[in-house]
Amino acid sequence: MHNERRRSIILWGPPGSGKSLYLASLVMWLTREPNERPFAVLPASDATAAWVARRSIPHPDGVALVGGVAPPTDSLFRIYSISGTPGELGRRSALVADLAPSEATAGDPSPTRLADASGVILLLPAATMAASAEARDACVSWFTTTLARLPEQAGAAPPAVSVPVAVCLTQTDEVPDAVRRDATEWLESFGAETLRALRAHCARFAVFKVSSTGRAPRPRGGLDVVIGTPEPRGVLAPLRWILANQAAEMAA
Ligand SMILES: Nc1nc2c(ncn2[C@@H]2O[C@H](COP(=O)(O)OP(=O)(O)OP(=O)(O)O)[C@@H](O)[C@H]2O)c(=O)[nH]1
Ligand SMILES: [Mg+2]
């Protein structure tokens with residue numbers, strides 16, 4: 001019965017955190033990861049599909065990134081789990097969750113949508129935050145404000161936000177030693193209040209390192225170009241983690 005109730009994962013982050021490119025990577029550039037259950041992420045409407053397709057254009061050296069256009073309002077993506085053998089009804093894919101980008105500022109989207117969510121993905125742009133103290137302060141303040149306003153479970157002792165929160169450091173391809181870094185320590189390096197706010201509010205959280213492109217784009221004739229084929233890194237891990245939490249909750 002519970003399986004009938006598909007739930008939404010909310011994708012959220014401050015301006016320029018990499019929301020658009022993260023969605024493009026899931027839809028356009030995902031490749032099969034060895035030993036992991038494959039997922040497919042598809043736009044739920046023609047308008048959303050057209051928006052994703054316009055985020056990148058072919059370039060002689062690879063793929064040019066096109067930014068600056070917000071997804072259509074109420075745009076939605078669907079996450080399918082793919083299995084090697086046909087399941088019930090002879091299907092090889094099963095719809096497991098919706099993914100809804102939020103363009104809302106810190107504090108909103110509508111509490112009902114959040115209260116119903118099976119998880120929240122919060123993006124923070126690691127390279128942008130490392131390059132500018134002003135950007136870092138703006139992102140950290142966005143982050144702590146947003147965490148403080150997530151809906152709390154009534155009557156629960158702190159940390160009272162029960163929805164799983166996956167914090168993703170994006171643009172990690174810009175940092176040479178990213179693979180060796182611990183994600184949580186990296187987040188904390190932007191300010192101790194980041195971890196303090198997570199621990200104070202969120203009963204379930206995890207920190208991830210992601211790269212939507214796999215390699216840092218290079219400037220080519222006024223465009224940002226990913227040389228060759230983009231190879232996203234770590235973009236499914238936060239979704240897998242939220243879906244595992246969702247499955248555990250359904251089994252309980
Ligand atoms: N190197 C690198 N750059 C990235 C990555 N993800 C995003 N960026 C860059 O970061 C900037 C912001 O990315 P967007 O995807 O437009 O971010 P957004 O959150 O949708 O931004 P707004 O819609 O303006 O709020 C762009 O210049 C991207 O090219 C990544 O994984 N690696
Ligand atoms: Mg965007």
# chains A, B, ... in the order shown; residues from 1 in each chain; ligands from 1

$ residues_around --residues "Leu26 of chain A" --least-positions-apart "3" --cutoff "6 Å" --atoms "only C-alpha atoms" --output "list in words"
Leu23, Leu30 and Val41 of chain A

$ select_by_dssp --residues "segment 77-132 of chain A" --states "alpha helix (DSSP H)" --output "PyMOL selection string"
chain A and resi 111-115+126-131

$ select_by_dssp --residues "segment 40-190 of chain A" --states "strand (DSSP E or B)" --output "mmCIF file with all heavy atoms, in the first residue's frame"
data_model
loop_
_atom_site.group_PDB
_atom_site.id
_atom_site.type_symbol
_atom_site.label_atom_id
_atom_site.label_comp_id
_atom_site.auth_asym_id
_atom_site.auth_seq_id
_atom_site.Cartn_x
_atom_site.Cartn_y
_atom_site.Cartn_z
ATOM 1 N N ALA A 40 17.439 5.657 -13.501
ATOM 2 C CA ALA A 40 17.275 6.595 -14.613
ATOM 3 C C ALA A 40 16.469 7.772 -14.080
ATOM 4 O O ALA A 40 15.527 7.585 -13.308
ATOM 5 C CB ALA A 40 16.544 5.925 -15.767
ATOM 6 N N VAL A 41 16.870 8.981 -14.453
ATOM 7 C CA VAL A 41 16.151 10.182 -14.039
ATOM 8 C C VAL A 41 15.616 10.859 -15.294
ATOM 9 O O VAL A 41 16.375 11.167 -16.212
ATOM 10 C CB VAL A 41 17.065 11.137 -13.244
ATOM 11 C CG1 VAL A 41 16.296 12.392 -12.822
ATOM 12 C CG2 VAL A 41 17.653 10.431 -12.025
ATOM 13 N N LEU A 42 14.300 11.042 -15.345
ATOM 14 C CA LEU A 42 13.663 11.588 -16.550
ATOM 15 C C LEU A 42 12.803 12.794 -16.220
ATOM 16 O O LEU A 42 12.137 12.821 -15.186
ATOM 17 C CB LEU A 42 12.768 10.523 -17.203
ATOM 18 C CG LEU A 42 13.446 9.245 -17.686
ATOM 19 C CD1 LEU A 42 12.419 8.294 -18.271
ATOM 20 C CD2 LEU A 42 14.513 9.574 -18.725
ATOM 21 N N PRO A 43 12.800 13.800 -17.098
ATOM 22 C CA PRO A 43 11.906 14.940 -16.906
ATOM 23 C C PRO A 43 10.458 14.466 -17.007
ATOM 24 O O PRO A 43 10.157 13.576 -17.806
ATOM 25 C CB PRO A 43 12.242 15.870 -18.073
ATOM 26 C CG PRO A 43 13.504 15.348 -18.675
ATOM 27 C CD PRO A 43 13.593 13.899 -18.339
ATOM 28 N N SER A 56 22.965 22.440 -22.154
ATOM 29 C CA SER A 56 24.268 22.170 -22.755
ATOM 30 C C SER A 56 24.114 22.071 -24.268
ATOM 31 O O SER A 56 23.042 21.712 -24.760
ATOM 32 C CB SER A 56 24.846 20.862 -22.203
ATOM 33 O OG SER A 56 24.015 19.772 -22.546
ATOM 34 N N ILE A 57 25.185 22.445 -24.977
ATOM 35 C CA ILE A 57 25.164 22.318 -26.432
ATOM 36 C C ILE A 57 26.458 21.657 -26.900
ATOM 37 O O ILE A 57 27.511 21.850 -26.293
ATOM 38 C CB ILE A 57 24.975 23.690 -27.149
ATOM 39 C CG1 ILE A 57 25.935 24.738 -26.577
ATOM 40 C CG2 ILE A 57 23.543 24.189 -27.048
ATOM 41 C CD1 ILE A 57 25.949 26.037 -27.349
ATOM 42 N N PRO A 58 26.365 20.855 -27.974
ATOM 43 C CA PRO A 58 27.572 20.217 -28.485
ATOM 44 C C PRO A 58 28.594 21.268 -28.901
ATOM 45 O O PRO A 58 28.217 22.353 -29.355
ATOM 46 C CB PRO A 58 27.075 19.439 -29.717
ATOM 47 C CG PRO A 58 25.600 19.340 -29.565
ATOM 48 C CD PRO A 58 25.167 20.529 -28.755
ATOM 49 N N HIS A 59 29.871 20.942 -28.694
ATOM 50 C CA HIS A 59 30.963 21.842 -29.028
ATOM 51 C C HIS A 59 32.051 20.973 -29.643
ATOM 52 O O HIS A 59 32.177 19.800 -29.268
ATOM 53 C CB HIS A 59 31.445 22.520 -27.737
ATOM 54 C CG HIS A 59 32.530 23.520 -27.933
ATOM 55 N ND1 HIS A 59 33.864 23.168 -28.042
ATOM 56 C CD2 HIS A 59 32.490 24.870 -28.042
ATOM 57 C CE1 HIS A 59 34.588 24.263 -28.202
ATOM 58 N NE2 HIS A 59 33.783 25.310 -28.208
ATOM 59 N N GLY A 62 33.866 19.222 -26.998
ATOM 60 C CA GLY A 62 33.115 18.482 -25.982
ATOM 61 C C GLY A 62 31.703 19.010 -25.851
ATOM 62 O O GLY A 62 30.937 19.001 -26.808
ATOM 63 N N VAL A 63 31.397 19.522 -24.651
ATOM 64 C CA VAL A 63 30.041 19.995 -24.369
ATOM 65 C C VAL A 63 30.112 21.379 -23.737
ATOM 66 O O VAL A 63 30.790 21.557 -22.724
ATOM 67 C CB VAL A 63 29.326 19.009 -23.410
ATOM 68 C CG1 VAL A 63 27.992 19.566 -22.951
ATOM 69 C CG2 VAL A 63 29.128 17.654 -24.072
ATOM 70 N N ALA A 64 29.451 22.355 -24.350
ATOM 71 C CA ALA A 64 29.415 23.704 -23.789
ATOM 72 C C ALA A 64 28.233 23.834 -22.837
ATOM 73 O O ALA A 64 27.130 23.377 -23.136
ATOM 74 C CB ALA A 64 29.311 24.734 -24.909
ATOM 75 N N LEU A 65 28.500 24.447 -21.662
ATOM 76 C CA LEU A 65 27.446 24.600 -20.656
ATOM 77 C C LEU A 65 26.723 25.919 -20.864
ATOM 78 O O LEU A 65 27.347 26.948 -21.120
ATOM 79 C CB LEU A 65 28.061 24.554 -19.257
ATOM 80 C CG LEU A 65 28.920 23.317 -18.951
ATOM 81 C CD1 LEU A 65 29.537 23.439 -17.564
ATOM 82 C CD2 LEU A 65 28.088 22.044 -19.075
ATOM 83 N N PHE A 77 11.014 15.834 -11.951
ATOM 84 C CA PHE A 77 11.766 14.736 -12.560
ATOM 85 C C PHE A 77 11.335 13.446 -11.879
ATOM 86 O O PHE A 77 10.943 13.466 -10.716
ATOM 87 C CB PHE A 77 13.270 14.976 -12.380
ATOM 88 C CG PHE A 77 13.739 16.214 -13.103
ATOM 89 C CD1 PHE A 77 13.536 17.478 -12.547
ATOM 90 C CD2 PHE A 77 14.322 16.126 -14.351
ATOM 91 C CE1 PHE A 77 13.932 18.629 -13.220
ATOM 92 C CE2 PHE A 77 14.723 17.267 -15.032
ATOM 93 C CZ PHE A 77 14.526 18.517 -14.463
ATOM 94 N N ARG A 78 11.408 12.357 -12.616
ATOM 95 C CA ARG A 78 11.022 11.074 -12.026
ATOM 96 C C ARG A 78 12.223 10.153 -11.968
ATOM 97 O O ARG A 78 13.006 10.081 -12.900
ATOM 98 C CB ARG A 78 9.913 10.432 -12.847
ATOM 99 C CG ARG A 78 8.697 11.344 -12.966
ATOM 100 C CD ARG A 78 7.425 10.537 -13.034
ATOM 101 N NE ARG A 78 6.284 11.329 -13.472
ATOM 102 C CZ ARG A 78 5.556 12.092 -12.664
ATOM 103 N NH1 ARG A 78 5.858 12.184 -11.374
ATOM 104 N NH2 ARG A 78 4.529 12.774 -13.127
ATOM 105 N N ILE A 79 12.377 9.494 -10.826
ATOM 106 C CA ILE A 79 13.513 8.597 -10.612
ATOM 107 C C ILE A 79 13.016 7.152 -10.743
ATOM 108 O O ILE A 79 12.110 6.733 -10.017
ATOM 109 C CB ILE A 79 14.127 8.812 -9.219
ATOM 110 C CG1 ILE A 79 14.516 10.282 -9.038
ATOM 111 C CG2 ILE A 79 15.332 7.896 -9.013
ATOM 112 C CD1 ILE A 79 14.971 10.629 -7.628
ATOM 113 N N TYR A 80 13.614 6.436 -11.692
ATOM 114 C CA TYR A 80 13.255 5.034 -11.907
ATOM 115 C C TYR A 80 14.412 4.151 -11.466
ATOM 116 O O TYR A 80 15.573 4.449 -11.745
ATOM 117 C CB TYR A 80 12.971 4.766 -13.391
ATOM 118 C CG TYR A 80 11.770 5.494 -13.924
ATOM 119 C CD1 TYR A 80 11.886 6.793 -14.423
ATOM 120 C CD2 TYR A 80 10.509 4.892 -13.931
ATOM 121 C CE1 TYR A 80 10.783 7.471 -14.918
ATOM 122 C CE2 TYR A 80 9.399 5.559 -14.424
ATOM 123 C CZ TYR A 80 9.542 6.858 -14.914
ATOM 124 O OH TYR A 80 8.452 7.528 -15.391
ATOM 125 N N SER A 81 14.078 3.075 -10.815
ATOM 126 C CA SER A 81 15.051 2.033 -10.496
ATOM 127 C C SER A 81 14.972 0.998 -11.619
ATOM 128 O O SER A 81 13.884 0.593 -12.021
ATOM 129 C CB SER A 81 14.682 1.429 -9.145
ATOM 130 O OG SER A 81 15.445 0.279 -8.925
ATOM 131 N N ILE A 82 16.144 0.603 -12.133
ATOM 132 C CA ILE A 82 16.185 -0.330 -13.261
ATOM 133 C C ILE A 82 16.698 -1.675 -12.750
ATOM 134 O O ILE A 82 17.701 -1.719 -12.030
ATOM 135 C CB ILE A 82 17.175 0.171 -14.350
ATOM 136 C CG1 ILE A 82 17.018 1.669 -14.612
ATOM 137 C CG2 ILE A 82 17.065 -0.657 -15.620
ATOM 138 C CD1 ILE A 82 15.818 2.076 -15.393
ATOM 139 N N SER A 93 11.601 -1.488 -15.082
ATOM 140 C CA SER A 93 11.847 -0.256 -14.339
ATOM 141 C C SER A 93 10.683 0.002 -13.399
ATOM 142 O O SER A 93 9.549 -0.360 -13.696
ATOM 143 C CB SER A 93 12.017 0.923 -15.298
ATOM 144 O OG SER A 93 10.825 1.119 -16.016
ATOM 145 N N ALA A 94 10.997 0.615 -12.267
ATOM 146 C CA ALA A 94 9.960 0.971 -11.312
ATOM 147 C C ALA A 94 10.197 2.408 -10.865
ATOM 148 O O ALA A 94 11.323 2.797 -10.568
ATOM 149 C CB ALA A 94 10.012 0.040 -10.109
ATOM 150 N N LEU A 95 9.099 3.173 -10.861
ATOM 151 C CA LEU A 95 9.171 4.553 -10.412
ATOM 152 C C LEU A 95 9.366 4.559 -8.898
ATOM 153 O O LEU A 95 8.556 3.995 -8.169
ATOM 154 C CB LEU A 95 7.872 5.250 -10.793
ATOM 155 C CG LEU A 95 7.711 6.723 -10.554
ATOM 156 C CD1 LEU A 95 8.869 7.509 -11.138
ATOM 157 C CD2 LEU A 95 6.402 7.195 -11.168
ATOM 158 N N VAL A 96 10.472 5.151 -8.406
ATOM 159 C CA VAL A 96 10.723 5.093 -6.962
ATOM 160 C C VAL A 96 10.524 6.428 -6.247
ATOM 161 O O VAL A 96 10.250 6.454 -5.052
ATOM 162 C CB VAL A 96 12.121 4.528 -6.635
ATOM 163 C CG1 VAL A 96 12.155 3.025 -6.910
ATOM 164 C CG2 VAL A 96 13.218 5.232 -7.400
ATOM 165 N N ALA A 97 10.676 7.529 -6.960
ATOM 166 C CA ALA A 97 10.478 8.835 -6.310
ATOM 167 C C ALA A 97 10.395 9.931 -7.363
ATOM 168 O O ALA A 97 10.798 9.740 -8.511
ATOM 169 C CB ALA A 97 11.628 9.144 -5.350
ATOM 170 N N ASP A 98 9.876 11.074 -6.952
ATOM 171 C CA ASP A 98 9.939 12.282 -7.757
ATOM 172 C C ASP A 98 11.082 13.135 -7.245
ATOM 173 O O ASP A 98 11.433 13.073 -6.070
ATOM 174 C CB ASP A 98 8.635 13.094 -7.615
ATOM 175 C CG ASP A 98 7.450 12.425 -8.281
ATOM 176 O OD1 ASP A 98 7.676 11.539 -9.140
ATOM 177 O OD2 ASP A 98 6.315 12.769 -7.927
ATOM 178 N N LEU A 99 11.637 13.927 -8.139
ATOM 179 C CA LEU A 99 12.684 14.878 -7.749
ATOM 180 C C LEU A 99 12.210 16.261 -8.177
ATOM 181 O O LEU A 99 11.945 16.487 -9.358
ATOM 182 C CB LEU A 99 14.003 14.515 -8.439
ATOM 183 C CG LEU A 99 15.200 15.431 -8.204
ATOM 184 C CD1 LEU A 99 15.608 15.449 -6.736
ATOM 185 C CD2 LEU A 99 16.385 14.993 -9.072
ATOM 186 N N ALA A 100 12.056 17.158 -7.219
ATOM 187 C CA ALA A 100 11.483 18.474 -7.495
ATOM 188 C C ALA A 100 12.482 19.573 -7.170
ATOM 189 O O ALA A 100 12.834 19.743 -5.999
ATOM 190 C CB ALA A 100 10.209 18.671 -6.677
ATOM 191 N N PRO A 101 12.971 20.286 -8.190
ATOM 192 C CA PRO A 101 13.869 21.402 -7.889
ATOM 193 C C PRO A 101 13.092 22.553 -7.270
ATOM 194 O O PRO A 101 11.956 22.802 -7.640
ATOM 195 C CB PRO A 101 14.425 21.803 -9.257
ATOM 196 C CG PRO A 101 13.422 21.329 -10.244
ATOM 197 C CD PRO A 101 12.726 20.145 -9.633
ATOM 198 N N GLY A 119 12.948 13.303 1.269
ATOM 199 C CA GLY A 119 14.317 13.726 1.492
ATOM 200 C C GLY A 119 14.553 15.098 0.904
ATOM 201 O O GLY A 119 13.790 15.560 0.059
ATOM 202 N N VAL A 120 15.596 15.753 1.386
ATOM 203 C CA VAL A 120 15.983 17.054 0.870
ATOM 204 C C VAL A 120 17.453 16.979 0.475
ATOM 205 O O VAL A 120 18.274 16.471 1.250
ATOM 206 C CB VAL A 120 15.783 18.166 1.925
ATOM 207 C CG1 VAL A 120 16.218 19.523 1.372
ATOM 208 C CG2 VAL A 120 14.339 18.223 2.392
ATOM 209 N N ILE A 121 17.756 17.435 -0.744
ATOM 210 C CA ILE A 121 19.152 17.550 -1.166
ATOM 211 C C ILE A 121 19.503 19.031 -1.153
ATOM 212 O O ILE A 121 18.840 19.829 -1.811
ATOM 213 C CB ILE A 121 19.356 16.971 -2.587
ATOM 214 C CG1 ILE A 121 19.061 15.468 -2.587
ATOM 215 C CG2 ILE A 121 20.769 17.231 -3.080
ATOM 216 C CD1 ILE A 121 19.238 14.807 -3.948
ATOM 217 N N LEU A 122 20.510 19.388 -0.357
ATOM 218 C CA LEU A 122 20.947 20.786 -0.297
ATOM 219 C C LEU A 122 22.316 20.883 -0.954
ATOM 220 O O LEU A 122 23.258 20.201 -0.546
ATOM 221 C CB LEU A 122 21.046 21.254 1.161
ATOM 222 C CG LEU A 122 19.742 21.272 1.968
ATOM 223 C CD1 LEU A 122 20.016 21.781 3.384
ATOM 224 C CD2 LEU A 122 18.684 22.146 1.301
ATOM 225 N N LEU A 123 22.421 21.715 -1.996
ATOM 226 C CA LEU A 123 23.684 21.880 -2.707
ATOM 227 C C LEU A 123 24.435 23.103 -2.200
ATOM 228 O O LEU A 123 23.836 24.147 -1.961
ATOM 229 C CB LEU A 123 23.447 22.042 -4.214
ATOM 230 C CG LEU A 123 22.708 20.936 -4.961
ATOM 231 C CD1 LEU A 123 22.698 21.227 -6.455
ATOM 232 C CD2 LEU A 123 23.342 19.580 -4.700
ATOM 233 N N LEU A 124 25.740 22.951 -2.054
ATOM 234 C CA LEU A 124 26.606 24.082 -1.726
ATOM 235 C C LEU A 124 27.793 24.057 -2.683
ATOM 236 O O LEU A 124 28.438 23.009 -2.847
ATOM 237 C CB LEU A 124 27.095 23.998 -0.277
ATOM 238 C CG LEU A 124 26.046 24.244 0.815
ATOM 239 C CD1 LEU A 124 26.652 24.001 2.195
ATOM 240 C CD2 LEU A 124 25.477 25.660 0.724
ATOM 241 N N PRO A 125 28.106 25.201 -3.333
ATOM 242 C CA PRO A 125 29.151 25.219 -4.366
ATOM 243 C C PRO A 125 30.548 25.374 -3.764
ATOM 244 O O PRO A 125 30.981 26.476 -3.441
ATOM 245 C CB PRO A 125 28.760 26.450 -5.197
ATOM 246 C CG PRO A 125 28.094 27.383 -4.229
ATOM 247 C CD PRO A 125 27.445 26.520 -3.175
ATOM 248 N N VAL A 161 14.121 17.705 13.073
ATOM 249 C CA VAL A 161 13.800 17.581 11.646
ATOM 250 C C VAL A 161 14.047 16.121 11.262
ATOM 251 O O VAL A 161 15.178 15.638 11.324
ATOM 252 C CB VAL A 161 14.670 18.523 10.788
ATOM 253 C CG1 VAL A 161 14.455 18.271 9.302
ATOM 254 C CG2 VAL A 161 14.392 19.982 11.146
ATOM 255 N N VAL A 165 18.355 14.712 5.245
ATOM 256 C CA VAL A 165 18.960 15.857 4.557
ATOM 257 C C VAL A 165 20.330 15.442 4.005
ATOM 258 O O VAL A 165 21.241 15.115 4.767
ATOM 259 C CB VAL A 165 19.100 17.059 5.511
ATOM 260 C CG1 VAL A 165 19.838 18.215 4.831
ATOM 261 C CG2 VAL A 165 17.728 17.523 5.998
ATOM 262 N N ALA A 166 20.445 15.441 2.684
ATOM 263 C CA ALA A 166 21.714 15.115 2.016
ATOM 264 C C ALA A 166 22.374 16.418 1.594
ATOM 265 O O ALA A 166 21.858 17.138 0.741
ATOM 266 C CB ALA A 166 21.464 14.230 0.802
ATOM 267 N N VAL A 167 23.486 16.736 2.225
ATOM 268 C CA VAL A 167 24.210 17.963 1.883
ATOM 269 C C VAL A 167 25.257 17.603 0.835
ATOM 270 O O VAL A 167 26.079 16.705 1.058
ATOM 271 C CB VAL A 167 24.912 18.553 3.121
ATOM 272 C CG1 VAL A 167 25.648 19.839 2.761
ATOM 273 C CG2 VAL A 167 23.900 18.794 4.234
ATOM 274 N N CYS A 168 25.227 18.281 -0.305
ATOM 275 C CA CYS A 168 26.159 17.961 -1.393
ATOM 276 C C CYS A 168 27.068 19.143 -1.678
ATOM 277 O O CYS A 168 26.595 20.227 -2.014
ATOM 278 C CB CYS A 168 25.394 17.623 -2.669
ATOM 279 S SG CYS A 168 24.378 16.165 -2.509
ATOM 280 N N LEU A 169 28.363 18.920 -1.543
ATOM 281 C CA LEU A 169 29.332 19.908 -2.005
ATOM 282 C C LEU A 169 29.489 19.690 -3.503
ATOM 283 O O LEU A 169 29.854 18.591 -3.943
ATOM 284 C CB LEU A 169 30.668 19.713 -1.289
ATOM 285 C CG LEU A 169 30.634 19.951 0.216
ATOM 286 C CD1 LEU A 169 31.973 19.593 0.838
ATOM 287 C CD2 LEU A 169 30.274 21.407 0.534
ATOM 288 N N THR A 170 29.168 20.715 -4.288
ATOM 289 C CA THR A 170 29.243 20.601 -5.755
ATOM 290 C C THR A 170 30.541 21.237 -6.252
ATOM 291 O O THR A 170 31.303 21.802 -5.468
ATOM 292 C CB THR A 170 28.041 21.288 -6.423
ATOM 293 O OG1 THR A 170 28.035 22.664 -6.084
ATOM 294 C CG2 THR A 170 26.730 20.666 -5.976
#

$ residues_near_ligand --ligand "ligand 2" --cutoff "6 Å" --atoms "only C-alpha atoms and all ligand atoms" --output "list in words"
Lys19, Ser20, Val69 and Ala70 of chain A

$ write_last_selection --atoms "C-alpha atoms" --output "compact mmCIF listing (two decimals), in the first residue's frame"
# COMPACT_ATOMS: atom_id res chain seq x y z
CA LYS A 19 21.12 22.89 -9.17
CA SER A 20 20.61 23.18 -12.92
CA VAL A 69 17.68 29.93 -17.09
CA ALA A 70 15.57 28.71 -14.18

$ residues_around --residues "Thr172 of chain A" --least-positions-apart "4" --cutoff "7 Å" --atoms "only C-alpha atoms" --output "list in words"
Ala126, Ala127, Ala178, Lys209, Val210 and Ser211 of chain A

$ write_last_selection --atoms "N, CA and C atoms" --output "PDB file, in the first residue's frame"
ATOM      1  N   ALA A 126      31.267  24.258  -3.629  1.00  0.00           N
ATOM      2  CA  ALA A 126      32.549  24.263  -2.916  1.00  0.00           C
ATOM      3  C   ALA A 126      33.569  25.210  -3.541  1.00  0.00           C
ATOM      4  N   ALA A 127      33.676  25.205  -4.871  1.00  0.00           N
ATOM      5  CA  ALA A 127      34.705  26.037  -5.513  1.00  0.00           C
ATOM      6  C   ALA A 127      34.374  27.520  -5.368  1.00  0.00           C
ATOM      7  N   ALA A 178      40.337  16.649  -4.164  1.00  0.00           N
ATOM      8  CA  ALA A 178      38.961  16.386  -3.708  1.00  0.00           C
ATOM      9  C   ALA A 178      38.730  14.936  -3.296  1.00  0.00           C
ATOM     10  N   LYS A 209      30.240  14.515  -1.678  1.00  0.00           N
ATOM     11  CA  LYS A 209      31.008  15.302  -2.651  1.00  0.00           C
ATOM     12  C   LYS A 209      30.486  14.945  -4.039  1.00  0.00           C
ATOM     13  N   VAL A 210      30.072  15.939  -4.814  1.00  0.00           N
ATOM     14  CA  VAL A 210      29.598  15.642  -6.167  1.00  0.00           C
ATOM     15  C   VAL A 210      30.270  16.530  -7.213  1.00  0.00           C
ATOM     16  N   SER A 211      30.353  15.995  -8.401  1.00  0.00           N
ATOM     17  CA  SER A 211      30.732  16.782  -9.564  1.00  0.00           C
ATOM     18  C   SER A 211      29.765  16.433 -10.671  1.00  0.00           C
TER      19      SER A 211
END
